[in-house]
Amino acid sequence: MEQRAKQERRIRNTDSNPFGVDNSQWPKIKELFDAPAAPGSRDDDFINDVTIAREWNDLGLALRVMQELGADAIINEQPHECAAVETIGVSETAQNTYYELLHSVVDPYGIPLLDGQEWGRIPLFSMDLASHASRKGWIYVDQRLDQIYHSSLP
């Protein structure tokens with residue numbers, strides 16, 4: 001199934017670019033790839049954007065509400081498309097800032113976090129730079145959800 005999803009995606013959905021970005025999304029971001037940036041050249045901007053994002057407060061509020069209500073929850077995060085993000089000048093070290101912040105917000109609540117970082121180097125996992133899972137990516141997500149359901153993950 002994974003091989004079929006990979007073939008379908010490569011043939012039909014991503015033939016406009018070498019990064020596996022869905023054709024419907026590529027026109028929105030292709031200018032970022034016109035002149036690949038030097039490694040790490042956009043690290044400071046990326047780290048700043050991640051650090052000041054208001055969504056961290058929203059996430060903290062949602063986690064607090066879940067904790068107060070006694071929710072039995074798991075946070076299942078999607079990865080960055082590492083190779084594509086590196087091409088636009090954001091190093092893996094800078095990308096790790098996101099995961100570190102994610103853990104710093106989630107971990108104090110004791111809610112299990114599956115951060116998805118290990119999937120970041122899987123070719124064609126995401127369909128865009130916003131970490132939306134592709135058909136291939138959904139196979140990994142579905143397998144993880146099945147593991148959670150059958151209690152082999154937290």
# chains A, B, ... in the order shown; residues from 1 in each chain; ligands from 1

$ select_by_dssp --residues "chain A" --states "helix (DSSP H, G or I)" --output "ChimeraX atom specification"
/A:2-13,26-33,43-52,55-68,82-87,92-109,117-119,135-149

$ write_last_selection --atoms "C-alpha atoms" --output "mmCIF file, in the first residue's frame"
data_model
loop_
_atom_site.group_PDB
_atom_site.id
_atom_site.type_symbol
_atom_site.label_atom_id
_atom_site.label_comp_id
_atom_site.auth_asym_id
_atom_site.auth_seq_id
_atom_site.Cartn_x
_atom_site.Cartn_y
_atom_site.Cartn_z
ATOM 1 C CA GLU A 2 2.843 2.380 0.828
ATOM 2 C CA GLN A 3 4.479 1.764 -2.544
ATOM 3 C CA ARG A 4 1.190 2.386 -4.384
ATOM 4 C CA ALA A 5 0.590 5.637 -2.486
ATOM 5 C CA LYS A 6 4.145 6.730 -3.283
ATOM 6 C CA GLN A 7 3.734 5.958 -6.992
ATOM 7 C CA GLU A 8 0.343 7.654 -7.262
ATOM 8 C CA ARG A 9 1.620 10.713 -5.498
ATOM 9 C CA ARG A 10 4.777 10.986 -7.565
ATOM 10 C CA ILE A 11 2.965 10.477 -10.869
ATOM 11 C CA ARG A 12 -0.241 12.428 -10.385
ATOM 12 C CA ASN A 13 0.146 14.819 -7.532
ATOM 13 C CA TRP A 26 3.429 24.153 -5.267
ATOM 14 C CA PRO A 27 2.429 27.451 -6.983
ATOM 15 C CA LYS A 28 2.015 29.047 -3.545
ATOM 16 C CA ILE A 29 5.574 28.289 -2.439
ATOM 17 C CA LYS A 30 7.692 27.608 -5.528
ATOM 18 C CA GLU A 31 9.405 31.013 -5.358
ATOM 19 C CA LEU A 32 11.031 29.871 -2.102
ATOM 20 C CA PHE A 33 12.850 27.212 -4.107
ATOM 21 C CA ASP A 43 17.626 29.832 10.799
ATOM 22 C CA ASP A 44 17.208 33.067 12.738
ATOM 23 C CA ASP A 45 13.933 33.938 10.989
ATOM 24 C CA PHE A 46 12.592 30.419 11.471
ATOM 25 C CA ILE A 47 13.538 30.299 15.153
ATOM 26 C CA ASN A 48 12.029 33.739 15.724
ATOM 27 C CA ASP A 49 8.780 32.794 13.960
ATOM 28 C CA VAL A 50 8.480 29.556 15.927
ATOM 29 C CA THR A 51 9.348 31.192 19.226
ATOM 30 C CA ILE A 52 6.896 34.103 18.976
ATOM 31 C CA GLU A 55 -0.418 29.311 18.885
ATOM 32 C CA TRP A 56 1.784 28.090 21.748
ATOM 33 C CA ASN A 57 -0.536 29.918 24.146
ATOM 34 C CA ASP A 58 -3.568 28.390 22.439
ATOM 35 C CA LEU A 59 -2.053 24.939 22.752
ATOM 36 C CA GLY A 60 -1.260 25.517 26.425
ATOM 37 C CA LEU A 61 -4.830 26.613 27.066
ATOM 38 C CA ALA A 62 -6.242 23.575 25.261
ATOM 39 C CA LEU A 63 -3.941 21.268 27.232
ATOM 40 C CA ARG A 64 -4.935 22.878 30.527
ATOM 41 C CA VAL A 65 -8.621 22.433 29.703
ATOM 42 C CA MET A 66 -8.031 18.786 28.739
ATOM 43 C CA GLN A 67 -6.156 18.193 31.984
ATOM 44 C CA GLU A 68 -8.842 19.894 34.090
ATOM 45 C CA CYS A 82 13.198 18.314 6.530
ATOM 46 C CA ALA A 83 14.841 18.180 3.103
ATOM 47 C CA ALA A 84 12.535 20.803 1.600
ATOM 48 C CA VAL A 85 12.867 23.109 4.597
ATOM 49 C CA GLU A 86 16.650 22.732 4.501
ATOM 50 C CA THR A 87 16.607 23.707 0.809
ATOM 51 C CA GLU A 92 17.780 20.665 10.999
ATOM 52 C CA THR A 93 19.158 22.221 14.187
ATOM 53 C CA ALA A 94 16.822 25.196 13.776
ATOM 54 C CA GLN A 95 13.917 22.874 12.970
ATOM 55 C CA ASN A 96 14.584 21.110 16.262
ATOM 56 C CA THR A 97 13.627 24.369 18.002
ATOM 57 C CA TYR A 98 10.026 23.633 17.056
ATOM 58 C CA TYR A 99 10.114 20.172 18.641
ATOM 59 C CA GLU A 100 11.836 21.495 21.764
ATOM 60 C CA LEU A 101 9.145 24.161 22.193
ATOM 61 C CA LEU A 102 6.416 21.631 21.520
ATOM 62 C CA HIS A 103 7.751 19.406 24.285
ATOM 63 C CA SER A 104 8.194 22.358 26.642
ATOM 64 C CA VAL A 105 4.509 23.208 26.262
ATOM 65 C CA VAL A 106 3.055 19.673 26.251
ATOM 66 C CA ASP A 107 5.266 17.741 28.674
ATOM 67 C CA PRO A 108 4.272 19.625 31.866
ATOM 68 C CA TYR A 109 0.694 18.408 31.406
ATOM 69 C CA GLN A 117 10.076 14.073 14.257
ATOM 70 C CA GLU A 118 11.280 10.632 13.168
ATOM 71 C CA TRP A 119 9.154 10.946 10.014
ATOM 72 C CA ARG A 135 -1.242 9.726 0.934
ATOM 73 C CA LYS A 136 2.023 8.042 1.884
ATOM 74 C CA GLY A 137 2.210 10.019 5.126
ATOM 75 C CA TRP A 138 -1.286 8.947 6.088
ATOM 76 C CA ILE A 139 -0.161 5.318 5.935
ATOM 77 C CA TYR A 140 2.348 6.045 8.718
ATOM 78 C CA VAL A 141 -0.218 8.057 10.680
ATOM 79 C CA ASP A 142 -2.800 5.289 10.318
ATOM 80 C CA GLN A 143 -0.287 2.688 11.494
ATOM 81 C CA ARG A 144 0.506 4.841 14.529
ATOM 82 C CA LEU A 145 -3.193 5.317 15.322
ATOM 83 C CA ASP A 146 -3.659 1.551 15.060
ATOM 84 C CA GLN A 147 -0.783 1.040 17.504
ATOM 85 C CA ILE A 148 -2.360 3.531 19.895
ATOM 86 C CA TYR A 149 -5.746 1.846 19.599
#

$ select_by_dssp --residues "stretch 36-142 of chain A" --states "strand (DSSP E or B)" --output "PDB file with C-alpha atoms, in the first residue's frame"
ATOM      1  CA  ILE A  75      -0.893  14.540  20.963  1.00  0.00           C
ATOM      2  CA  ASN A  76       0.075  13.122  17.554  1.00  0.00           C
ATOM      3  CA  LEU A 113       3.286  13.419  22.861  1.00  0.00           C
ATOM      4  CA  LEU A 114       4.205  11.604  19.683  1.00  0.00           C
ATOM      5  CA  SER A 126       4.153  15.560   3.626  1.00  0.00           C
ATOM      6  CA  ALA A 133       0.356  14.339   5.473  1.00  0.00           C
TER       7      ALA A 133
END

$ closest_residue --among "A:Gly20, A:Pro39, A:Ser91, A:Gln78" --to "A:Ala130" --atoms "only C-alpha atoms"
A:Gln78

$ closest_residue --among "A:Ala35, A:Ile122, A:Ala53, A:Ile111" --to "A:Pro79" --atoms "only C-alpha atoms"
A:Ile122

$ atom_distance --atom1 "atom CA of A:Met127" --atom2 "atom CA of A:Pro18"
11.9 Å
